[in-house]
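Step one of this worksheet: look at the structure below.
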Amino acid sequence: MLRKTLGVSFIIIVLLGITFLFLPDYSQNAFLHLTANIDDYEIFENRTVAASNPQAWAISAQYNQYEMGQTYQEILESYETTAFLIVKDTAIFYEKYFLGYDEEAISNSFSAAKSIVSLLIGIAIDEGKIKSVFEPVSEYLESFKEGDKSEVTIKDVLTMSSGIDWNEAYMSPFSKTTEAYYGHDLKKLVDELKMDGEPAQEFAYKSINTQILAEILEAATGQSVSDYATNRLWRKIGAEHDALWSLDRAGGMEKAFCCFNSTARDFARIGQLVLNNGEWNGEQVVPEDYIKVATQPAKLFGSEKELTYYGYQWWILNYEGKQIPYARGILGQYVFVLKDKNAVVVRLGKSRSKLYTSNHPDDVYEYVEAAYELLK
């Protein structure tokens, strides 16, 4: 009986192994790694976004003098927080690390990278590499020149209202999003896109929109997204550590929709840049008018709708009468801009709330509330 059971088990294992070999490579990777992780840069090829002009943050005279309440500490722990950082008046005001991470540890941004790509679009517009957000995508990408896709503008892509057909499913090993994350040919995915609606009509969060923006940047500037970010953004805001932007393959395309890997302190610089309306140490890095539009509720051309919760790849939290722009990643990677407190808040970690209120994960409200409590 035991021999028979072992024989059946062996056959099942062999059949599963054969089935696995016939799966697409991205599905194989999804099964091997099971879930996305903040340290996934270790399994991907990467391109460096170099920190060539490091400027250390000042340390506030009130640095870590205020203790976070027990309730908020428990919330941080329950969502496997790795970093919680507050910069106020351009100095580090509060800083805590968890789970073995520290100020030099880098973490995947996940979709918070979308907000960085948005800033790069603003820079390219200022340089005249891109004429305006109202240009059709077809001016830059050949695959958008024919059919319904020719009507899609850069603004439609920025506001997640492109009408592109895309399956934004994170848990399925066979979804297009999984293929984008674990696959090896992002440009092919973009080339094969089709429409499932009209542009500028409805908000529909689809990561491929940001990948389209990255290809536009590459075509417009003649540089990789990482090199453009190095020269036009990262070194200009005094980043202290090289960042890594994960690629679809060696020498390939940046996973622009997700995988910008950096430290909490350097992520805070992105928030500080927005807080400064695009200026850093007297230099206008991103146009002020672009920052203001990108971090305000977007209006869709094809309808009367205003996206009260989204701008140009930046989320907008309406909190106690204040509009708080923030970058957001799927495992709770957040960069909040608290204009009324002249402060930036960074939270990095391994999970976030599965419950939503007004298009925002519930833990977003808890981190913002904790920051305001500390900043009283």
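Chains: A, B, ... in order of the structure tokens. Residues: from 1 per chain. Ligands: from 1, in order shown.
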Residues of stretch 130-339 of chain A classed as alpha helix (DSSP H) by DSSP on the backbone are to be reported as a PDB file with N, CA and C atoms, in the first residue's frame.
ATOM      1  N   ILE A 154      -0.739  62.048 -23.966  1.00  0.00           N
ATOM      2  CA  ILE A 154       0.119  61.850 -22.797  1.00  0.00           C
ATOM      3  C   ILE A 154      -0.671  62.122 -21.524  1.00  0.00           C
ATOM      4  N   LYS A 155      -1.547  63.121 -21.555  1.00  0.00           N
ATOM      5  CA  LYS A 155      -2.348  63.407 -20.362  1.00  0.00           C
ATOM      6  C   LYS A 155      -3.260  62.239 -20.013  1.00  0.00           C
ATOM      7  N   ASP A 156      -3.835  61.594 -21.012  1.00  0.00           N
ATOM      8  CA  ASP A 156      -4.689  60.423 -20.745  1.00  0.00           C
ATOM      9  C   ASP A 156      -3.912  59.339 -20.011  1.00  0.00           C
ATOM     10  N   VAL A 157      -2.660  59.165 -20.405  1.00  0.00           N
ATOM     11  CA  VAL A 157      -1.831  58.144 -19.776  1.00  0.00           C
ATOM     12  C   VAL A 157      -1.442  58.565 -18.358  1.00  0.00           C
ATOM     13  N   LEU A 158      -1.100  59.839 -18.202  1.00  0.00           N
ATOM     14  CA  LEU A 158      -0.741  60.357 -16.881  1.00  0.00           C
ATOM     15  C   LEU A 158      -1.873  60.208 -15.875  1.00  0.00           C
ATOM     16  N   LYS A 176      -1.418  39.978 -17.230  1.00  0.00           N
ATOM     17  CA  LYS A 176      -0.485  40.853 -17.923  1.00  0.00           C
ATOM     18  C   LYS A 176       0.409  41.603 -16.940  1.00  0.00           C
ATOM     19  N   THR A 177      -0.134  41.942 -15.778  1.00  0.00           N
ATOM     20  CA  THR A 177       0.676  42.624 -14.777  1.00  0.00           C
ATOM     21  C   THR A 177       1.797  41.719 -14.280  1.00  0.00           C
ATOM     22  N   THR A 178       1.486  40.440 -14.096  1.00  0.00           N
ATOM     23  CA  THR A 178       2.520  39.476 -13.706  1.00  0.00           C
ATOM     24  C   THR A 178       3.566  39.336 -14.810  1.00  0.00           C
ATOM     25  N   GLU A 179       3.110  39.313 -16.058  1.00  0.00           N
ATOM     26  CA  GLU A 179       4.055  39.243 -17.171  1.00  0.00           C
ATOM     27  C   GLU A 179       4.959  40.475 -17.204  1.00  0.00           C
ATOM     28  N   ALA A 180       4.384  41.649 -16.924  1.00  0.00           N
ATOM     29  CA  ALA A 180       5.192  42.873 -16.899  1.00  0.00           C
ATOM     30  C   ALA A 180       6.237  42.816 -15.794  1.00  0.00           C
ATOM     31  N   TYR A 181       5.855  42.259 -14.644  1.00  0.00           N
ATOM     32  CA  TYR A 181       6.755  42.236 -13.490  1.00  0.00           C
ATOM     33  C   TYR A 181       7.854  41.187 -13.647  1.00  0.00           C
ATOM     34  N   TYR A 182       7.477  39.987 -14.083  1.00  0.00           N
ATOM     35  CA  TYR A 182       8.437  38.882 -14.146  1.00  0.00           C
ATOM     36  C   TYR A 182       8.935  38.566 -15.563  1.00  0.00           C
ATOM     37  N   LEU A 186       9.152  44.203 -22.023  1.00  0.00           N
ATOM     38  CA  LEU A 186       8.122  45.206 -21.759  1.00  0.00           C
ATOM     39  C   LEU A 186       7.716  45.962 -23.024  1.00  0.00           C
ATOM     40  N   LYS A 187       8.671  46.195 -23.918  1.00  0.00           N
ATOM     41  CA  LYS A 187       8.327  46.935 -25.138  1.00  0.00           C
ATOM     42  C   LYS A 187       7.356  46.137 -26.011  1.00  0.00           C
ATOM     43  N   LYS A 188       7.502  44.844 -26.016  1.00  0.00           N
ATOM     44  CA  LYS A 188       6.578  44.006 -26.773  1.00  0.00           C
ATOM     45  C   LYS A 188       5.176  44.107 -26.178  1.00  0.00           C
ATOM     46  N   LEU A 189       5.078  44.126 -24.858  1.00  0.00           N
ATOM     47  CA  LEU A 189       3.777  44.284 -24.213  1.00  0.00           C
ATOM     48  C   LEU A 189       3.116  45.596 -24.619  1.00  0.00           C
ATOM     49  N   VAL A 190       3.896  46.673 -24.643  1.00  0.00           N
ATOM     50  CA  VAL A 190       3.352  47.973 -25.039  1.00  0.00           C
ATOM     51  C   VAL A 190       2.937  47.961 -26.507  1.00  0.00           C
ATOM     52  N   ASP A 191       3.760  47.370 -27.354  1.00  0.00           N
ATOM     53  CA  ASP A 191       3.444  47.324 -28.794  1.00  0.00           C
ATOM     54  C   ASP A 191       2.128  46.587 -29.069  1.00  0.00           C
ATOM     55  N   ILE A 208       0.381  49.621 -16.934  1.00  0.00           N
ATOM     56  CA  ILE A 208       0.993  49.760 -18.255  1.00  0.00           C
ATOM     57  C   ILE A 208       1.021  51.210 -18.709  1.00  0.00           C
ATOM     58  N   ASN A 209       0.130  52.052 -18.181  1.00  0.00           N
ATOM     59  CA  ASN A 209       0.156  53.474 -18.525  1.00  0.00           C
ATOM     60  C   ASN A 209       1.513  54.089 -18.202  1.00  0.00           C
ATOM     61  N   THR A 210       2.063  53.740 -17.054  1.00  0.00           N
ATOM     62  CA  THR A 210       3.357  54.289 -16.663  1.00  0.00           C
ATOM     63  C   THR A 210       4.468  53.746 -17.546  1.00  0.00           C
ATOM     64  N   GLN A 211       4.342  52.508 -17.975  1.00  0.00           N
ATOM     65  CA  GLN A 211       5.343  51.944 -18.874  1.00  0.00           C
ATOM     66  C   GLN A 211       5.324  52.668 -20.213  1.00  0.00           C
ATOM     67  N   ILE A 212       4.148  53.066 -20.652  1.00  0.00           N
ATOM     68  CA  ILE A 212       4.041  53.875 -21.876  1.00  0.00           C
ATOM     69  C   ILE A 212       4.782  55.199 -21.687  1.00  0.00           C
ATOM     70  N   LEU A 213       4.601  55.834 -20.532  1.00  0.00           N
ATOM     71  CA  LEU A 213       5.295  57.089 -20.240  1.00  0.00           C
ATOM     72  C   LEU A 213       6.811  56.900 -20.300  1.00  0.00           C
ATOM     73  N   ALA A 214       7.286  55.776 -19.789  1.00  0.00           N
ATOM     74  CA  ALA A 214       8.726  55.506 -19.802  1.00  0.00           C
ATOM     75  C   ALA A 214       9.250  55.389 -21.229  1.00  0.00           C
ATOM     76  N   GLU A 215       8.488  54.732 -22.084  1.00  0.00           N
ATOM     77  CA  GLU A 215       8.911  54.620 -23.482  1.00  0.00           C
ATOM     78  C   GLU A 215       8.895  55.982 -24.176  1.00  0.00           C
ATOM     79  N   ILE A 216       7.924  56.811 -23.819  1.00  0.00           N
ATOM     80  CA  ILE A 216       7.894  58.176 -24.353  1.00  0.00           C
ATOM     81  C   ILE A 216       9.153  58.929 -23.933  1.00  0.00           C
ATOM     82  N   LEU A 217       9.519  58.805 -22.662  1.00  0.00           N
ATOM     83  CA  LEU A 217      10.733  59.462 -22.163  1.00  0.00           C
ATOM     84  C   LEU A 217      11.970  58.994 -22.920  1.00  0.00           C
ATOM     85  N   GLU A 218      12.067  57.699 -23.122  1.00  0.00           N
ATOM     86  CA  GLU A 218      13.221  57.146 -23.823  1.00  0.00           C
ATOM     87  C   GLU A 218      13.297  57.664 -25.255  1.00  0.00           C
ATOM     88  N   ALA A 219      12.138  57.684 -25.931  1.00  0.00           N
ATOM     89  CA  ALA A 219      12.098  58.157 -27.311  1.00  0.00           C
ATOM     90  C   ALA A 219      12.385  59.659 -27.401  1.00  0.00           C
ATOM     91  N   ALA A 220      11.866  60.414 -26.449  1.00  0.00           N
ATOM     92  CA  ALA A 220      11.997  61.877 -26.495  1.00  0.00           C
ATOM     93  C   ALA A 220      13.397  62.355 -26.124  1.00  0.00           C
ATOM     94  N   THR A 221      14.036  61.655 -25.177  1.00  0.00           N
ATOM     95  CA  THR A 221      15.323  62.128 -24.662  1.00  0.00           C
ATOM     96  C   THR A 221      16.520  61.424 -25.276  1.00  0.00           C
ATOM     97  N   VAL A 225      15.644  55.588 -19.136  1.00  0.00           N
ATOM     98  CA  VAL A 225      14.934  56.287 -18.065  1.00  0.00           C
ATOM     99  C   VAL A 225      15.852  56.492 -16.867  1.00  0.00           C
ATOM    100  N   SER A 226      16.684  55.507 -16.556  1.00  0.00           N
ATOM    101  CA  SER A 226      17.604  55.615 -15.426  1.00  0.00           C
ATOM    102  C   SER A 226      18.643  56.705 -15.643  1.00  0.00           C
ATOM    103  N   ASP A 227      19.208  56.761 -16.844  1.00  0.00           N
ATOM    104  CA  ASP A 227      20.218  57.789 -17.118  1.00  0.00           C
ATOM    105  C   ASP A 227      19.597  59.182 -17.065  1.00  0.00           C
ATOM    106  N   TYR A 228      18.397  59.307 -17.595  1.00  0.00           N
ATOM    107  CA  TYR A 228      17.717  60.604 -17.560  1.00  0.00           C
ATOM    108  C   TYR A 228      17.411  60.991 -16.110  1.00  0.00           C
ATOM    109  N   ALA A 229      16.986  60.030 -15.314  1.00  0.00           N
ATOM    110  CA  ALA A 229      16.717  60.287 -13.898  1.00  0.00           C
ATOM    111  C   ALA A 229      17.996  60.678 -13.158  1.00  0.00           C
ATOM    112  N   ALA A 264      14.934  55.171   2.514  1.00  0.00           N
ATOM    113  CA  ALA A 264      13.875  56.048   3.015  1.00  0.00           C
ATOM    114  C   ALA A 264      14.305  57.508   2.939  1.00  0.00           C
ATOM    115  N   ARG A 265      15.560  57.787   3.313  1.00  0.00           N
ATOM    116  CA  ARG A 265      16.036  59.170   3.288  1.00  0.00           C
ATOM    117  C   ARG A 265      16.038  59.749   1.881  1.00  0.00           C
ATOM    118  N   ASP A 266      16.400  58.953   0.893  1.00  0.00           N
ATOM    119  CA  ASP A 266      16.412  59.468  -0.476  1.00  0.00           C
ATOM    120  C   ASP A 266      15.014  59.527  -1.071  1.00  0.00           C
ATOM    121  N   PHE A 267      14.133  58.613  -0.698  1.00  0.00           N
ATOM    122  CA  PHE A 267      12.734  58.747  -1.130  1.00  0.00           C
ATOM    123  C   PHE A 267      12.143  60.057  -0.607  1.00  0.00           C
ATOM    124  N   ALA A 268      12.566  60.466   0.585  1.00  0.00           N
ATOM    125  CA  ALA A 268      12.050  61.711   1.157  1.00  0.00           C
ATOM    126  C   ALA A 268      12.385  62.913   0.277  1.00  0.00           C
ATOM    127  N   ARG A 269      13.470  62.826  -0.486  1.00  0.00           N
ATOM    128  CA  ARG A 269      13.857  63.927  -1.368  1.00  0.00           C
ATOM    129  C   ARG A 269      12.814  64.155  -2.468  1.00  0.00           C
ATOM    130  N   ILE A 270      12.189  63.073  -2.913  1.00  0.00           N
ATOM    131  CA  ILE A 270      11.129  63.209  -3.913  1.00  0.00           C
ATOM    132  C   ILE A 270       9.970  64.015  -3.330  1.00  0.00           C
ATOM    133  N   GLY A 271       9.591  63.700  -2.095  1.00  0.00           N
ATOM    134  CA  GLY A 271       8.542  64.458  -1.436  1.00  0.00           C
ATOM    135  C   GLY A 271       8.946  65.901  -1.187  1.00  0.00           C
ATOM    136  N   GLN A 272      10.202  66.114  -0.772  1.00  0.00           N
ATOM    137  CA  GLN A 272      10.675  67.473  -0.521  1.00  0.00           C
ATOM    138  C   GLN A 272      10.667  68.301  -1.795  1.00  0.00           C
ATOM    139  N   LEU A 273      11.012  67.683  -2.913  1.00  0.00           N
ATOM    140  CA  LEU A 273      10.989  68.381  -4.200  1.00  0.00           C
ATOM    141  C   LEU A 273       9.581  68.859  -4.529  1.00  0.00           C
ATOM    142  N   VAL A 274       8.597  68.018  -4.282  1.00  0.00           N
ATOM    143  CA  VAL A 274       7.204  68.410  -4.516  1.00  0.00           C
ATOM    144  C   VAL A 274       6.782  69.488  -3.525  1.00  0.00           C
ATOM    145  N   LEU A 275       7.187  69.325  -2.274  1.00  0.00           N
ATOM    146  CA  LEU A 275       6.888  70.339  -1.261  1.00  0.00           C
ATOM    147  C   LEU A 275       7.460  71.700  -1.661  1.00  0.00           C
ATOM    148  N   GLU A 288       7.400  74.517 -11.791  1.00  0.00           N
ATOM    149  CA  GLU A 288       6.438  74.730 -10.717  1.00  0.00           C
ATOM    150  C   GLU A 288       5.007  74.497 -11.186  1.00  0.00           C
ATOM    151  N   ASP A 289       4.693  74.964 -12.384  1.00  0.00           N
ATOM    152  CA  ASP A 289       3.316  74.797 -12.859  1.00  0.00           C
ATOM    153  C   ASP A 289       2.988  73.324 -13.090  1.00  0.00           C
ATOM    154  N   TYR A 290       3.981  72.536 -13.510  1.00  0.00           N
ATOM    155  CA  TYR A 290       3.740  71.103 -13.687  1.00  0.00           C
ATOM    156  C   TYR A 290       3.474  70.441 -12.338  1.00  0.00           C
ATOM    157  N   ILE A 291       4.285  70.753 -11.319  1.00  0.00           N
ATOM    158  CA  ILE A 291       4.089  70.181  -9.991  1.00  0.00           C
ATOM    159  C   ILE A 291       2.680  70.478  -9.493  1.00  0.00           C
ATOM    160  N   LYS A 292       2.241  71.699  -9.650  1.00  0.00           N
ATOM    161  CA  LYS A 292       0.926  72.093  -9.137  1.00  0.00           C
ATOM    162  C   LYS A 292      -0.197  71.325  -9.817  1.00  0.00           C
ATOM    163  N   VAL A 293      -0.095  71.168 -11.132  1.00  0.00           N
ATOM    164  CA  VAL A 293      -1.128  70.425 -11.853  1.00  0.00           C
ATOM    165  C   VAL A 293      -1.045  68.938 -11.537  1.00  0.00           C
ATOM    166  N   ALA A 294       0.165  68.407 -11.462  1.00  0.00           N
ATOM    167  CA  ALA A 294       0.361  66.966 -11.240  1.00  0.00           C
ATOM    168  C   ALA A 294      -0.173  66.514  -9.890  1.00  0.00           C
TER     169      ALA A 294
END
Separation of atom CA of A:Glu77 and atom CA of A:Leu355, in Å?
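Going from atom CA of A:Glu77 over to atom CA of A:Leu355 covers 17.3 Å.
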DSSP strand (DSSP E) selection over stretch 54-103 of chain A, as a list in words
Ala58, Ile59, Thr81, Thr82, Ala83, Phe84, Leu85, Ile86, Val87, Lys88, Ala91, Ile92, Phe93, Tyr94, Glu95, Lys96 and Tyr97 of chain A
Hey, what's within 6 Å of A:Asp248 if we count only C-alpha atoms and toss same-chain stuff fewer than 4 positions away? As a list in words, please?
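Skipping anything fewer than 4 positions along the chain leaves His184, Gly252 and Met253 of chain A.
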Do you know which residues are at most 6 Å from A:Ser353 counting only C-alpha atoms, after dropping those on the same chain fewer than 2 positions away, and could you put them as a short mmCIF file (atom, residue, chain, number, x, y, z; two decimals) with N, CA, C and O atoms, in the first residue's frame?
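Result file follows (part_18.cif):
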data_model
loop_
_atom_site.label_atom_id
_atom_site.label_comp_id
_atom_site.auth_asym_id
_atom_site.auth_seq_id
_atom_site.Cartn_x
_atom_site.Cartn_y
_atom_site.Cartn_z
N LEU A 355 -8.29 47.04 3.24
CA LEU A 355 -9.53 47.82 3.27
C LEU A 355 -9.27 49.21 2.72
O LEU A 355 -8.21 49.80 2.96
N PRO A 361 -6.03 53.06 0.74
CA PRO A 361 -5.93 52.01 1.77
C PRO A 361 -6.06 52.63 3.15
O PRO A 361 -5.54 53.73 3.41
N ASP A 362 -6.70 51.93 4.05
CA ASP A 362 -6.98 52.51 5.37
C ASP A 362 -5.73 52.86 6.16
O ASP A 362 -5.74 53.78 6.97
N ASP A 363 -4.64 52.13 5.95
CA ASP A 363 -3.43 52.45 6.71
C ASP A 363 -2.85 53.81 6.34
O ASP A 363 -2.13 54.43 7.13
#
Contact residues around A:Ser162 with only C-alpha atoms at 12 Å, ignoring same-chain residues under 5 positions, as a PyMOL selection string
chain A and resi 136-137+144+148-157+193-210+212-213+300-302
Output N, CA and C atoms of each residue in that selection to a file, as a compact mmCIF listing (two decimals), in the first residue's frame.
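As written to disk, out_23.txt reads:
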# COMPACT_ATOMS: atom_id res chain seq x y z
N PRO A 136 -0.34 63.66 -28.65
CA PRO A 136 -0.69 62.23 -28.73
C PRO A 136 0.53 61.35 -28.49
N VAL A 137 0.30 60.22 -27.88
CA VAL A 137 1.38 59.26 -27.64
C VAL A 137 2.03 58.85 -28.96
N PHE A 144 1.35 53.28 -31.65
CA PHE A 144 0.14 54.06 -31.36
C PHE A 144 -0.32 54.89 -32.56
N ASP A 148 -7.58 53.14 -32.93
CA ASP A 148 -8.09 53.92 -31.80
C ASP A 148 -6.98 54.43 -30.88
N LYS A 149 -5.85 53.71 -30.85
CA LYS A 149 -4.76 54.13 -29.98
C LYS A 149 -4.19 55.49 -30.37
N SER A 150 -4.37 55.88 -31.63
CA SER A 150 -3.83 57.15 -32.09
C SER A 150 -4.46 58.35 -31.40
N GLU A 151 -5.61 58.13 -30.74
CA GLU A 151 -6.30 59.22 -30.05
C GLU A 151 -5.80 59.45 -28.63
N VAL A 152 -5.00 58.54 -28.12
CA VAL A 152 -4.54 58.63 -26.72
C VAL A 152 -3.48 59.70 -26.58
N THR A 153 -3.65 60.59 -25.61
CA THR A 153 -2.68 61.65 -25.35
C THR A 153 -1.82 61.30 -24.13
N ILE A 154 -0.74 62.05 -23.97
CA ILE A 154 0.12 61.85 -22.80
C ILE A 154 -0.67 62.12 -21.52
N LYS A 155 -1.55 63.12 -21.55
CA LYS A 155 -2.35 63.41 -20.36
C LYS A 155 -3.26 62.24 -20.01
N ASP A 156 -3.84 61.59 -21.01
CA ASP A 156 -4.69 60.42 -20.75
C ASP A 156 -3.91 59.34 -20.01
N VAL A 157 -2.66 59.17 -20.41
CA VAL A 157 -1.83 58.14 -19.78
C VAL A 157 -1.44 58.56 -18.36
N LEU A 193 -0.55 46.40 -27.19
CA LEU A 193 -1.73 46.92 -26.47
C LEU A 193 -2.88 47.22 -27.41
N LYS A 194 -4.08 47.00 -26.90
CA LYS A 194 -5.31 47.34 -27.62
C LYS A 194 -6.18 48.19 -26.71
N MET A 195 -7.21 48.76 -27.27
CA MET A 195 -8.12 49.62 -26.51
C MET A 195 -9.34 48.82 -26.06
N ASP A 196 -9.88 49.20 -24.89
CA ASP A 196 -11.17 48.63 -24.49
C ASP A 196 -12.16 49.73 -24.12
N GLY A 197 -11.85 50.97 -24.49
CA GLY A 197 -12.74 52.10 -24.24
C GLY A 197 -12.16 53.34 -24.90
N GLU A 198 -12.81 54.47 -24.68
CA GLU A 198 -12.33 55.73 -25.23
C GLU A 198 -11.43 56.43 -24.21
N PRO A 199 -10.41 57.12 -24.70
CA PRO A 199 -9.56 57.85 -23.76
C PRO A 199 -10.28 59.04 -23.14
N ALA A 200 -9.80 59.45 -21.97
CA ALA A 200 -10.27 60.65 -21.25
C ALA A 200 -11.71 60.55 -20.75
N GLN A 201 -12.20 59.32 -20.59
CA GLN A 201 -13.57 59.13 -20.13
C GLN A 201 -13.65 58.66 -18.69
N GLU A 202 -12.85 57.65 -18.35
CA GLU A 202 -12.94 57.02 -17.04
C GLU A 202 -11.56 56.76 -16.46
N PHE A 203 -11.42 56.93 -15.15
CA PHE A 203 -10.20 56.55 -14.45
C PHE A 203 -10.19 55.03 -14.30
N ALA A 204 -9.09 54.41 -14.71
CA ALA A 204 -8.91 52.97 -14.52
C ALA A 204 -7.43 52.73 -14.29
N TYR A 205 -7.09 52.39 -13.06
CA TYR A 205 -5.69 52.25 -12.67
C TYR A 205 -5.07 51.05 -13.37
N LYS A 206 -4.11 51.32 -14.26
CA LYS A 206 -3.45 50.27 -15.03
C LYS A 206 -1.97 50.60 -15.13
N SER A 207 -1.15 49.72 -14.62
CA SER A 207 0.29 49.98 -14.54
C SER A 207 0.94 50.20 -15.89
N ILE A 208 0.38 49.62 -16.93
CA ILE A 208 0.99 49.76 -18.25
C ILE A 208 1.02 51.21 -18.71
N ASN A 209 0.13 52.05 -18.18
CA ASN A 209 0.16 53.47 -18.52
C ASN A 209 1.51 54.09 -18.20
N THR A 210 2.06 53.74 -17.05
CA THR A 210 3.36 54.29 -16.66
C THR A 210 4.47 53.75 -17.55
N ILE A 212 4.15 53.07 -20.65
CA ILE A 212 4.04 53.88 -21.88
C ILE A 212 4.78 55.20 -21.69
N LEU A 213 4.60 55.83 -20.53
CA LEU A 213 5.30 57.09 -20.24
C LEU A 213 6.81 56.90 -20.30
N LEU A 300 -10.82 65.11 -16.51
CA LEU A 300 -10.80 64.31 -17.73
C LEU A 300 -11.47 65.08 -18.85
N PHE A 301 -10.79 65.20 -19.98
CA PHE A 301 -11.29 65.98 -21.10
C PHE A 301 -12.62 65.45 -21.63
N GLY A 302 -12.75 64.12 -21.65
CA GLY A 302 -13.92 63.53 -22.28
C GLY A 302 -15.17 63.52 -21.43
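Atom CA of A:Asp165 to atom CA of A:Ile324 spans 29.9 Å [interatomic distance, one decimal].
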I need the residue nearest A:Ile330 from this list: A:Ala124, A:Val87, A:Val364, A:Ala243. Use only C-alpha atoms for the distance.
A:Val364
Near A:Tyr334, within 6 Å and counting only C-alpha atoms, which residues show up once chain neighbours fewer than 5 positions away are dropped, as a list in words?
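Everything that qualifies: Ala327, Arg328, Val346 and Arg347 of chain A.
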So that I have them on file, write out the residues from the current selection with N, CA and C atoms, as a PDB file, in the first residue's frame.
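Writing done, so here's part_7.pdb:
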ATOM      1  N   ALA A 327       2.842  59.540  -3.060  1.00  0.00           N
ATOM      2  CA  ALA A 327       3.207  58.404  -3.905  1.00  0.00           C
ATOM      3  C   ALA A 327       2.854  57.133  -3.150  1.00  0.00           C
ATOM      4  N   ARG A 328       2.474  56.084  -3.894  1.00  0.00           N
ATOM      5  CA  ARG A 328       1.928  54.884  -3.237  1.00  0.00           C
ATOM      6  C   ARG A 328       2.373  53.609  -3.937  1.00  0.00           C
ATOM      7  N   VAL A 346       7.777  59.509   5.002  1.00  0.00           N
ATOM      8  CA  VAL A 346       8.056  58.295   4.223  1.00  0.00           C
ATOM      9  C   VAL A 346       7.757  57.086   5.098  1.00  0.00           C
ATOM     10  N   ARG A 347       6.965  56.189   4.566  1.00  0.00           N
ATOM     11  CA  ARG A 347       6.745  54.906   5.229  1.00  0.00           C
ATOM     12  C   ARG A 347       7.054  53.804   4.234  1.00  0.00           C
TER      13      ARG A 347
END
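Checking A:Ser262, A:Ser351, A:Asn281, A:Ser224 one by one against A:Ala113, counting only C-alpha atoms, you find the shortest gap at A:Ser262.
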